[in-house]
Each structure stands twice: as C-alpha cells, then as structure tokens.
>>> print(open('run-v1.cif').read())   # mmCIF, C-alpha atoms
data_model
#
loop_
_atom_site.label_atom_id
_atom_site.label_comp_id
_atom_site.auth_asym_id
_atom_site.auth_seq_id
_atom_site.Cartn_x
_atom_site.Cartn_y
_atom_site.Cartn_z
CA MET A 875 29.44 2.74 -14.52
CA VAL A 876 26.78 0.03 -14.87
CA ALA A 877 23.34 1.38 -15.75
CA LEU A 878 20.63 0.39 -13.32
CA LYS A 879 17.51 -1.31 -14.58
CA SER A 880 14.61 0.98 -13.72
CA PRO A 881 11.31 -0.60 -12.62
CA ARG A 882 9.69 1.22 -15.55
CA GLN A 883 11.71 -0.95 -17.94
CA ARG A 884 10.00 -4.14 -16.75
CA PRO A 885 7.55 -5.46 -19.37
CA VAL A 886 3.95 -5.67 -18.20
CA GLY A 887 3.70 -9.39 -18.95
CA THR A 888 6.47 -10.38 -16.53
CA ASP A 889 5.82 -11.39 -12.95
CA PRO A 890 6.25 -8.15 -10.96
CA TYR A 891 6.76 -10.12 -7.75
CA HIS A 892 9.55 -12.38 -8.97
CA TRP A 893 12.59 -11.99 -6.73
CA LYS A 894 14.65 -10.56 -9.60
CA ASN A 895 12.10 -7.81 -10.18
CA VAL A 896 11.89 -7.09 -6.46
CA LEU A 897 15.68 -6.82 -6.42
CA ASP A 898 15.55 -4.38 -9.35
CA VAL A 899 13.18 -2.18 -7.35
CA VAL A 900 15.47 -2.31 -4.30
CA LYS A 901 18.55 -1.43 -6.37
CA HIS A 902 16.72 1.44 -8.01
CA ASP A 903 15.49 2.73 -4.64
CA PHE A 904 18.99 2.68 -3.17
CA LEU A 905 21.19 3.53 -6.13
CA GLY A 906 18.90 5.11 -8.70
CA PRO A 907 18.83 8.85 -9.36
CA ARG A 908 16.94 10.91 -6.81
CA ASP A 909 14.88 13.70 -8.32
CA VAL A 910 13.13 16.28 -6.15
CA GLN A 911 10.16 16.04 -8.50
CA ASP A 912 9.80 12.31 -7.89
CA ALA A 913 7.62 11.16 -5.02
CA PRO A 914 9.31 8.71 -2.62
CA THR A 915 7.92 5.26 -3.30
CA PRO A 916 6.42 3.09 -0.52
CA SER A 917 9.18 0.52 -1.08
CA TYR A 918 11.84 3.22 -0.60
CA VAL A 919 10.20 4.51 2.58
CA TRP A 920 9.72 1.00 3.97
CA LEU A 921 13.34 0.03 3.31
CA GLY A 922 14.57 3.18 5.01
CA GLU A 923 12.47 2.43 8.09
CA GLN A 924 13.77 -1.14 8.39
CA ILE A 925 17.40 -0.08 7.96
CA GLY A 926 16.86 2.46 10.71
CA LEU A 927 15.47 -0.24 12.99
CA ILE A 928 18.44 -2.52 12.28
CA ALA A 929 20.82 0.33 13.10
CA LEU A 930 18.93 1.07 16.32
CA GLY A 931 19.08 -2.56 17.45
CA PHE A 932 22.77 -2.77 16.52
CA PHE A 933 23.56 0.34 18.56
CA ALA A 934 21.61 -0.94 21.56
CA ALA A 935 23.42 -4.31 21.49
CA ILE A 936 26.87 -2.74 21.06
CA ALA A 937 26.29 -0.18 23.82
CA PHE A 938 24.88 -2.73 26.23
CA GLY A 939 27.46 -5.42 25.40
CA TRP A 940 30.44 -3.13 25.72
CA GLY A 941 29.09 -1.48 28.87
CA TRP A 942 28.36 -4.83 30.50
CA GLY A 943 31.72 -6.30 29.59
CA ALA A 944 33.66 -3.23 30.74
CA SER A 945 31.73 -2.96 34.01
CA PHE A 946 31.51 -6.63 35.01
CA GLY A 947 34.18 -8.33 32.94
CA GLY A 948 36.98 -7.80 35.44
CA GLU A 949 38.33 -4.62 33.87
CA GLY A 950 36.59 -2.38 36.35
CA GLY A 951 33.74 -0.08 35.51
CA SER A 952 34.12 3.43 34.18
CA LEU A 953 31.72 6.29 33.75
CA MET A 954 31.70 5.77 29.98
CA ALA A 955 30.97 2.05 30.35
CA ILE A 956 28.13 2.70 32.78
CA LEU A 957 26.64 5.33 30.48
CA ALA A 958 26.86 2.93 27.53
CA LEU A 959 25.21 0.18 29.58
CA PHE A 960 22.30 2.43 30.51
CA ALA A 961 22.05 3.81 26.96
CA GLY A 962 21.60 0.28 25.64
CA LEU A 963 19.02 -0.51 28.32
CA ALA A 964 17.19 2.75 27.57
CA VAL A 965 16.92 1.89 23.87
CA PHE A 966 15.68 -1.62 24.64
CA GLY A 967 13.14 -0.33 27.16
CA THR A 968 11.88 2.55 25.02
CA PHE A 969 11.51 0.41 21.92
CA GLY A 970 9.73 -2.37 23.81
CA TYR A 971 7.32 0.10 25.44
CA GLN A 972 6.58 1.76 22.11
CA LYS A 973 5.75 -1.60 20.48
CA TYR A 974 3.52 -2.43 23.44
CA LEU A 975 1.60 0.80 22.88
CA ASP A 976 1.38 0.01 19.15
CA TYR A 977 -0.09 -3.39 19.93
CA GLN A 978 -2.65 -1.91 22.33
CA ALA A 979 -3.62 0.71 19.75
CA ALA A 980 -4.02 -1.96 17.07
CA ARG A 981 -6.42 -3.85 19.32
CA THR A 982 -8.76 -0.88 19.76
CA ARG A 983 -8.32 1.06 16.50
CA TRP A 984 -10.50 -0.96 14.20
CA ALA A 985 -14.18 -0.35 13.63
CA ALA A 986 -16.73 -3.15 13.51
CA VAL A 987 -17.86 -2.71 9.88
CA PHE A 988 -15.16 -4.78 8.16
CA PRO A 989 -13.20 -7.57 9.90
CA PHE A 990 -9.52 -7.27 10.74
CA SER A 991 -7.54 -10.40 11.48
CA ASP A 992 -5.28 -10.91 14.47
CA TRP A 993 -2.61 -12.04 12.01
CA ASP A 994 -2.50 -8.56 10.44
CA ARG A 995 -2.23 -6.98 13.87
CA TYR A 996 0.68 -9.23 14.84
CA LEU A 997 2.43 -8.45 11.54
CA ALA A 998 2.02 -4.73 12.07
CA VAL A 999 3.79 -4.89 15.42
CA GLY A 1000 6.02 -7.92 14.85
CA THR A 1001 7.77 -6.76 11.69
CA PRO A 1002 9.55 -3.75 13.25
CA VAL A 1003 10.45 -5.93 16.24
CA LEU A 1004 12.03 -8.50 13.92
CA PHE A 1005 14.22 -5.94 12.15
CA PHE A 1006 15.23 -4.44 15.49
CA LEU A 1007 16.25 -7.93 16.64
CA VAL A 1008 18.25 -8.39 13.42
CA GLY A 1009 20.34 -5.43 14.51
CA VAL A 1010 20.64 -6.87 18.02
CA VAL A 1011 21.85 -10.23 16.67
CA LEU A 1012 24.45 -8.51 14.48
CA GLY A 1013 25.62 -6.48 17.47
CA TRP A 1014 25.82 -9.63 19.58
CA GLY A 1015 27.93 -11.28 16.90
CA VAL A 1016 30.53 -8.51 17.08
CA PHE A 1017 31.59 -9.62 20.58
CA GLY A 1018 32.23 -13.27 19.72
CA GLY A 1019 34.95 -13.16 17.12
CA PHE A 1020 34.68 -13.84 13.40
CA GLY A 1021 32.97 -17.22 13.76
CA ARG A 1022 30.09 -15.97 15.87
CA PHE A 1023 29.72 -12.84 13.76
CA LEU A 1024 29.49 -14.97 10.61
CA ILE A 1025 26.76 -17.11 12.19
CA ALA A 1026 24.91 -13.97 13.32
CA LEU A 1027 25.23 -12.47 9.84
CA ILE A 1028 23.83 -15.59 8.15
CA VAL A 1029 20.92 -16.04 10.57
CA ALA A 1030 19.99 -12.37 10.76
CA GLY A 1031 20.50 -11.84 7.04
CA ALA A 1032 18.24 -14.76 6.12
CA ALA A 1033 15.48 -13.55 8.45
CA ALA A 1034 15.73 -9.98 7.16
CA ALA A 1035 15.87 -10.98 3.48
CA GLY A 1036 12.91 -13.35 3.71
CA THR A 1037 10.75 -10.87 5.58
CA ALA A 1038 11.76 -8.02 3.28
CA TYR A 1039 10.87 -10.02 0.18
CA TRP A 1040 7.45 -10.86 1.63
CA TRP A 1041 6.72 -7.20 2.48
CA LEU A 1042 8.28 -5.59 -0.59
CA ARG A 1043 5.98 -7.50 -2.91
CA LYS A 1044 3.04 -5.86 -1.11
CA LYS A 1045 4.69 -2.45 -1.25
CA ILE A 1046 5.29 -2.84 -4.99
CA ALA A 1047 1.66 -3.87 -5.53
CA PHE A 1048 0.56 -0.83 -3.53
CA GLN A 1049 2.81 1.68 -5.30
CA GLN A 1050 2.04 0.32 -8.78
CA ALA A 1051 -1.64 0.88 -8.04
CA GLY A 1052 -0.99 4.62 -7.63
CA LEU A 1053 -3.05 4.75 -4.42
CA PRO A 1054 -2.78 8.19 -2.73
CA PHE A 1055 -2.48 6.73 0.77
CA GLY A 1056 -2.75 3.43 2.61
CA TYR A 1057 -6.07 2.78 4.29
CA ARG A 1058 -7.23 -0.52 5.76
CA LEU A 1059 -10.93 -1.27 5.36
CA ALA A 1060 -11.09 -2.28 9.01
CA ALA A 1061 -10.64 1.40 9.92
CA PHE A 1062 -13.79 2.39 8.01
CA ASP A 1063 -16.45 3.37 10.54
CA LEU A 1064 -19.51 4.49 8.56
CA THR A 1065 -22.55 2.23 8.90
CA LEU A 1066 -23.23 -0.01 5.90
CA GLN A 1067 -25.81 -2.65 5.17
CA ASP A 1068 -24.63 -6.23 5.67
CA ASN A 1069 -25.14 -7.08 2.00
CA ASP A 1070 -23.04 -4.03 1.03
CA VAL A 1071 -20.23 -5.22 3.27
CA THR A 1072 -20.38 -8.67 1.65
CA ALA A 1073 -20.35 -7.21 -1.87
CA ILE A 1074 -17.40 -4.93 -1.11
CA GLY A 1075 -15.52 -7.87 0.39
CA GLY A 1076 -15.69 -9.61 -2.98
CA PHE A 1077 -13.79 -6.71 -4.57
CA THR A 1078 -10.83 -7.15 -2.28
CA ARG A 1079 -10.01 -10.74 -3.24
CA PRO A 1080 -8.07 -11.07 -6.53
CA ALA A 1081 -8.39 -14.86 -6.43
CA GLU A 1082 -12.19 -14.64 -6.64
CA THR A 1083 -12.76 -14.92 -10.38
CA ALA A 1084 -16.55 -14.62 -10.28
CA PRO A 1085 -17.58 -11.98 -7.70
CA ALA A 1086 -21.29 -11.31 -7.25
CA PHE A 1087 -20.77 -7.80 -8.65
CA ARG A 1088 -17.92 -6.64 -10.87
CA HIS A 1089 -18.50 -2.90 -10.66
CA LEU A 1090 -19.26 -0.70 -7.68
CA VAL A 1091 -20.58 2.88 -7.58
CA VAL A 1092 -19.95 4.70 -4.28
CA THR A 1093 -22.09 7.80 -3.75
CA GLY A 1094 -22.87 9.98 -0.78
CA PRO A 1095 -22.47 13.45 0.71
CA THR A 1096 -19.31 15.49 0.50
CA GLY A 1097 -16.95 14.61 3.33
CA PRO A 1098 -14.78 11.76 4.57
CA GLY A 1099 -15.95 8.35 3.52
CA LYS A 1100 -16.19 7.75 -0.23
CA THR A 1101 -12.49 8.07 -1.08
CA ASN A 1102 -11.51 6.24 2.11
CA LEU A 1103 -13.74 3.33 1.17
CA ALA A 1104 -12.41 3.17 -2.40
CA VAL A 1105 -8.77 3.44 -1.31
CA GLY A 1106 -9.46 0.81 1.36
CA ILE A 1107 -10.67 -1.58 -1.34
CA GLY A 1108 -7.55 -0.83 -3.39
CA THR A 1109 -5.27 -1.30 -0.38
CA GLU A 1110 -6.76 -4.69 0.48
CA PHE A 1111 -6.59 -5.75 -3.18
CA ALA A 1112 -2.91 -4.77 -3.37
CA ASN A 1113 -2.25 -6.43 -0.02
CA GLN A 1114 -3.15 -9.71 -1.73
CA LEU A 1115 -0.87 -8.86 -4.69
CA GLY A 1116 -3.70 -7.90 -7.03
CA LYS A 1117 -3.10 -5.53 -9.95
CA GLY A 1118 -5.13 -2.46 -9.02
CA ARG A 1119 -4.98 1.10 -10.39
CA TYR A 1120 -6.33 4.33 -8.88
CA VAL A 1121 -7.02 7.36 -11.10
CA GLY A 1122 -8.90 10.62 -10.83
CA LEU A 1123 -11.86 11.23 -13.09
CA SER A 1124 -9.98 13.81 -15.17
CA ASP A 1125 -6.95 11.51 -15.41
CA LEU A 1126 -9.21 8.76 -16.72
CA LEU A 1127 -10.04 10.81 -19.80
CA HIS A 1128 -6.38 11.62 -20.37
CA LEU A 1129 -5.34 7.97 -20.11
CA VAL A 1130 -8.19 6.65 -22.25
CA GLY A 1131 -7.29 9.11 -24.99
CA ALA A 1132 -3.53 8.59 -24.74
CA PRO A 1133 -1.69 6.05 -26.90
CA ALA A 1134 -0.74 2.75 -25.32
CA ALA A 1135 2.57 2.59 -23.46
CA PRO A 1136 5.43 1.70 -25.86
CA SER A 1137 6.49 -1.95 -25.89
CA GLY A 1138 3.89 -2.78 -23.26
CA LEU A 1139 5.91 -1.15 -20.48
CA LEU A 1140 4.51 0.06 -17.21
CA ASP A 1141 3.18 3.60 -16.95
CA TYR A 1142 5.49 6.05 -15.20
CA ASP A 1143 4.32 9.00 -13.12
CA ASP A 1144 5.88 10.97 -10.23
CA GLY A 1145 8.79 8.57 -10.02
CA ARG A 1146 6.50 5.55 -9.71
CA ALA A 1147 6.04 2.60 -12.03
CA LEU A 1148 2.29 2.05 -12.38
CA TRP A 1149 0.10 -0.59 -13.99
CA PRO A 1150 -1.10 0.48 -17.43
CA LEU A 1151 -4.80 1.26 -17.26
CA THR A 1152 -5.89 -1.68 -19.40
CA GLU A 1153 -3.72 -4.14 -17.43
CA ALA A 1154 -5.39 -3.40 -14.11
CA GLU A 1155 -7.58 -6.15 -12.67
CA LEU A 1156 -9.27 -3.51 -10.49
CA LEU A 1157 -9.75 0.10 -11.61
CA ILE A 1158 -10.66 2.76 -9.04
CA VAL A 1159 -11.98 6.04 -10.47
CA ASP A 1160 -12.37 8.94 -8.02
CA ASP A 1161 -14.08 12.24 -8.83
CA VAL A 1162 -11.87 13.98 -6.27
CA ASP A 1163 -9.92 15.82 -9.02
CA ALA A 1164 -12.98 17.06 -10.93
CA GLY A 1165 -12.90 20.85 -10.62
CA LEU A 1166 -14.94 23.63 -12.17
CA ASP A 1167 -13.39 23.10 -15.59
CA THR A 1168 -14.42 19.43 -15.59
CA LYS A 1169 -17.74 19.76 -13.78
CA ALA A 1170 -19.56 18.21 -16.74
CA LEU A 1171 -17.84 14.91 -15.95
CA LEU A 1172 -19.79 14.68 -12.71
CA SER A 1173 -22.97 13.76 -14.59
CA PRO A 1174 -23.57 10.44 -16.37
CA GLU A 1175 -24.34 12.25 -19.61
CA GLY A 1176 -21.19 14.39 -19.45
CA LEU A 1177 -18.89 11.45 -18.70
CA GLU A 1178 -20.42 9.32 -21.45
CA SER A 1179 -20.13 12.13 -23.98
CA ALA A 1180 -16.46 12.77 -23.13
CA LEU A 1181 -15.40 9.12 -23.23
CA THR A 1182 -17.27 8.18 -26.40
CA ALA A 1183 -15.80 11.23 -28.14
CA LEU A 1184 -12.36 9.75 -27.43
CA LYS A 1185 -12.91 6.04 -28.10
CA GLY A 1186 -16.33 5.56 -29.64
CA GLN A 1187 -18.81 3.03 -28.31
CA LYS A 1188 -17.83 0.96 -25.25
CA PRO A 1189 -14.67 2.98 -24.54
CA LEU A 1190 -14.17 0.99 -21.32
CA GLY A 1191 -14.94 -2.40 -22.83
CA TRP A 1192 -11.80 -3.98 -21.40
CA LEU A 1193 -13.40 -3.61 -17.94
CA ALA A 1194 -16.30 -5.96 -18.72
CA ALA A 1195 -14.47 -9.03 -17.39
CA ARG A 1196 -12.62 -7.11 -14.69
CA ARG A 1197 -13.62 -4.94 -11.73
CA SER A 1198 -14.05 -1.24 -11.13
CA VAL A 1199 -14.98 1.13 -8.30
CA TRP A 1200 -16.43 4.55 -9.08
CA VAL A 1201 -16.46 7.32 -6.46
CA LEU A 1202 -19.14 9.77 -7.59
CA GLY A 1203 -20.96 12.66 -5.94
CA GLU A 1204 -24.60 13.47 -5.58
CA GLY A 1205 -24.95 14.93 -9.10
CA SER A 1206 -27.51 12.40 -10.29
CA SER A 1207 -29.34 9.24 -9.32
CA PRO A 1208 -27.39 6.01 -8.75
CA GLU A 1209 -29.62 4.34 -11.34
CA GLY A 1210 -28.44 6.85 -13.94
CA TRP A 1211 -24.81 5.99 -13.23
CA GLN A 1212 -25.56 2.26 -13.41
CA VAL A 1213 -27.14 2.54 -16.86
CA THR A 1214 -24.40 4.85 -18.19
CA LEU A 1215 -21.49 2.78 -16.88
CA ALA A 1216 -23.13 -0.38 -18.26
CA ARG A 1217 -23.10 1.21 -21.73
CA LEU A 1218 -19.53 2.50 -21.40
CA ILE A 1219 -18.24 -0.88 -20.24
CA GLY A 1220 -20.52 -3.00 -22.40
CA THR A 1221 -22.00 -5.05 -19.59
CA ASP A 1222 -25.33 -5.73 -17.95
CA ALA A 1223 -26.40 -3.05 -15.47
CA ARG A 1224 -27.09 -5.86 -13.00
CA THR A 1225 -23.33 -6.40 -12.64
CA ILE A 1226 -23.06 -2.87 -11.20
CA ARG A 1227 -23.86 -2.30 -7.53
CA THR A 1228 -24.42 1.04 -5.84
CA VAL A 1229 -23.43 1.79 -2.24
CA ARG A 1230 -24.64 5.08 -0.82
CA LEU A 1231 -22.85 6.27 2.29
CA PRO A 1232 -25.03 7.63 5.11
CA LEU A 1233 -25.81 11.31 5.55
CA THR A 1234 -24.67 11.32 9.16
CA VAL A 1235 -20.88 11.47 9.09
CA PRO A 1236 -19.05 10.65 12.35
CA ALA A 1237 -15.51 11.74 13.19
CA PRO A 1238 -13.13 10.95 10.35
CA ALA A 1239 -11.71 7.46 10.51
CA GLU A 1240 -8.05 7.31 11.35
CA LEU A 1241 -5.85 6.68 8.33
CA GLU A 1242 -3.90 3.49 8.70
CA HIS A 1243 -0.75 3.47 6.52
CA MET A 1244 0.47 -0.05 5.43
CA SER A 1245 2.27 -1.34 8.37
CA GLY A 1246 5.44 -3.25 8.51
#
>>> encode(input="run-v1.cif", output="structure tokens")
Amino acid sequence: MVALKSPRQRPVGTDPYHWKNVLDVVKHDFLGPRDVQDAPTPSYVWLGEQIGLIALGFFAAIAFGWGWGASFGGEGGSLMAILALFAGLAVFGTFGYQKYLDYQAARTRWAAVFPFSDWDRYLAVGTPVLFFLVGVVLGWGVFGGFGRFLIALIVAGAAAAGTAYWWLRKKIAFQQAGLPFGYRLAAFDLTLQDNDVTAIGGFTRPAETAPAFRHLVVTGPTGPGKTNLAVGIGTEFANQLGKGRYVGLSDLLHLVGAPAAPSGLLDYDDGRALWPLTEAELLIVDDVDAGLDTKALLSPEGLESALTALKGQKPLGWLAARRSVWVLGEGSSPEGWQVTLARLIGTDARTIRTVRLPLTVPAPAELEHMSG
C-alpha cells in the first residue's frame, strides 16, 4: 500500500498553493486516516459539499432524461417514467429556488461598516450552481453514447477541477491559519470610526507591504464583537492567500516557549496543518481562552512578565516587520497595551493602533462561513 503524503510533511518554505500541494491535501482528505479526535478540515467539508452537489445534479438529469425519453420517446409513458420526470423537475425547481433565496439573502445580509463586493456575492451563489451543473452535464452525457459522455466528462471535469483548485487554495489558507470559524468583515455591524475602518482594511491585504499600522489592539466590553472583528480580519487575509495564524493568549505562551518545529515543517493540531507561529505574516492573539488560572495574562505587566521569562527581551521580535491583531479585554488602558506590546515586539509604539468597540452592543452579527 502506498503511503499518502500528509499535508504536515510539506516544508514551510514550499508554495502551499502549488497544484501538487493542493492535490496532496485532497488525497489526504479523501484517503487519509480518519480519526475521531481530528477536526474535519474546511477543505474536507468543502469537497464533500461539492461532491454532493454533483451527485444531486447527476440524479436530476438522469431522472428527468429517462422520464422524458420514456414518456415522449415513442415507448409510451409509465407511472415510473412520469414519477422520474417529476422527480427530476422537483430537484431542478427546489435547487433553483434555494439559490434564489441565497442570492436575496446575500444582498441584504451585509452591514454598512465594511464593503462587500458584488463579485463575492456572485461567487457565493454561483459556485454551488456550477457544481450542480457539472452533475447535470455528466447526466446529460449518459444518454448520448460514449462519444457524448466523453465530451461531457472533459468539459465538466475541466470546469470542476479549475474551480476546485481556485477555492481549495483559499480553504487551505483558512485552515492553516487555525481560525475558529469563518466570518466576513462585511457582516460586522458595530459602529466604527472611518479612520479605524481604513486602518483595519490595511490588515486584510497581504500584498500591502507598508500598511499605515502593523499592529492592532482591539478592546471593548465583554460580548460579541472583538473576536468577530479579529476573525474577520483573519478570514479576509486568508481569502487573499495570506499566511495568517490565530492563537489564544494561553496558547501563545505555550508556542513561544516550545522548540521550533523539526525540519521547518508545519505545525499540526487537531488534524490540521497550521503555519508555524514565526512564519505567519499576520498573527491574531485572542484572550478568549484566558481563564482564572491565566488571569494575570490579561494585564500588560502579566503578559510581559510571562513572555520575557520564556524568551528574554523582545520575545516577539519576529513580529516587528509583520502584522498582529490583539483581542484584549478592559483590564487596563489601551495606552498601557501599546507601550507593552511595543517593548515585546521591539517596535515603535506609533506602529500600534487601538480600536475600542462601542459600549452599546446590537444584536449579534450573523456568522458568515466561507462560501463556495
């Protein structure tokens, strides 16, 4: 039996979005060992959804094609043929109506704080339609002999493979970031200042090599908002194939104190291959996991003491030329966090921006999982 190449075996320095690496991820998702302790990866879930859509379209085409041919092809209709005809029509109609509702929801779902492009909305609805049509084309090819089926297989296969490659690169970027959920910034509905929106926008673009601010501190009251905003930044960054990494505050200490991954391989946690901490172009640190036993970490003094005890001065120095987002509570003043993080990173405090979310918290924003 040939051993599969696990995504964790891919060296950090290689292009994670090369088609060979994407294929390794697909093979591992389909044929690799399934462990109940491993979390299903976004690429695995996405592939399963698209295969289901292809199967649904194939069934609809076969049922409709056979029912139509048996009922109107001169053989005389039968109850089974009529039922198959209506079953195919029902699938087509139900699927089309569902996608119409999805499109209408996408038009009204987004808040007005961060922009959301029409292109993203069309992708969210159009991708499942495309894979459904792939199944329909394959089903259509079955009724035309080997030649037509071969043409259908080539055309549908090329469309499916190209679209899958485009999407899977985004799914790999998302899952290697370790983000807890997918959240588009356009769904964020808490009021922010215009200059805060502009500064946050700079964090979401990997190609921008000189953003106005490299480090962002998000503070505010307990409740929905801070983590959503941070994960939204990470989601948009991954959506543009940036190397982001999300960690809890307690996990940060563990990773800073741990030895480097052997041979420069990716980190591995819960069945996911993740960017090593020091390879991330964007680091998101969330205090969501700081409990009673780590309460000291919620103050600038406590965090600085813990990190310097592990790595000495400037324990986060590798972040100076990169970007970071810090989700922190109301334990101390934003200015205190700015000064402390500047010392830990070894940068000017002016490169660190603070965004404080408003006290008035509206209804929680709807989570938007990465579509496609």
>>> closest_residue(input="run-v1.cif", among="A:Tyr974, A:Trp1192, A:Phe990, A:Phe1017", to="A:Glu1110", atoms="only C-alpha atoms")
A:Phe990
>>> closest_residue(input="run-v1.cif", among="A:Thr1072, A:Asn895, A:Ser952, A:Thr915", to="A:Val987", atoms="all atoms listed in the file")
A:Thr1072
>>> resolve_selection(input="run-v1.cif", expression="the PyMOL selection byres ((chain A and resi 1228) around 9)", output="list in words")
Asp1070, His1089, Leu1090, Val1091, Val1092, Thr1093, Pro1208, Glu1209, Trp1211, Gln1212, Ile1226, Arg1227, Val1229 and Arg1230 of chain A
>>> closest_residue(input="run-v1.cif", among="A:Ile1074, A:Leu957, A:Val900, A:Ala1081", to="A:Gly1108", atoms="all atoms listed in the file")
A:Ile1074
>>> residues_around(input="run-v1.cif", residues="A:Leu1193", least_positions_apart="3", cutoff="10 Å", atoms="all atoms listed in the file", output="list in words")
Arg1088, His1089, Leu1151, Thr1152, Glu1153, Ala1154, Glu1155, Leu1156, Leu1157, Lys1188, Pro1189, Leu1190, Arg1196, Arg1197, Ser1198, Leu1218, Ile1219, Gly1220 and Thr1221 of chain A
>>> resolve_selection(input="run-v1.cif", expression="the PyMOL selection byres ((chain A and resi 1036-1040) around 10)", output="PyMOL selection string")
chain A and resi 891-893+896-897+917+920-921+924+1001+1004-1005+1031-1035+1041-1045+1246
>>> closest_residue(input="run-v1.cif", among="A:Leu1215, A:Val919, A:Val1071, A:Leu997", to="A:Gln1049", atoms="all atoms listed in the file")
A:Val919
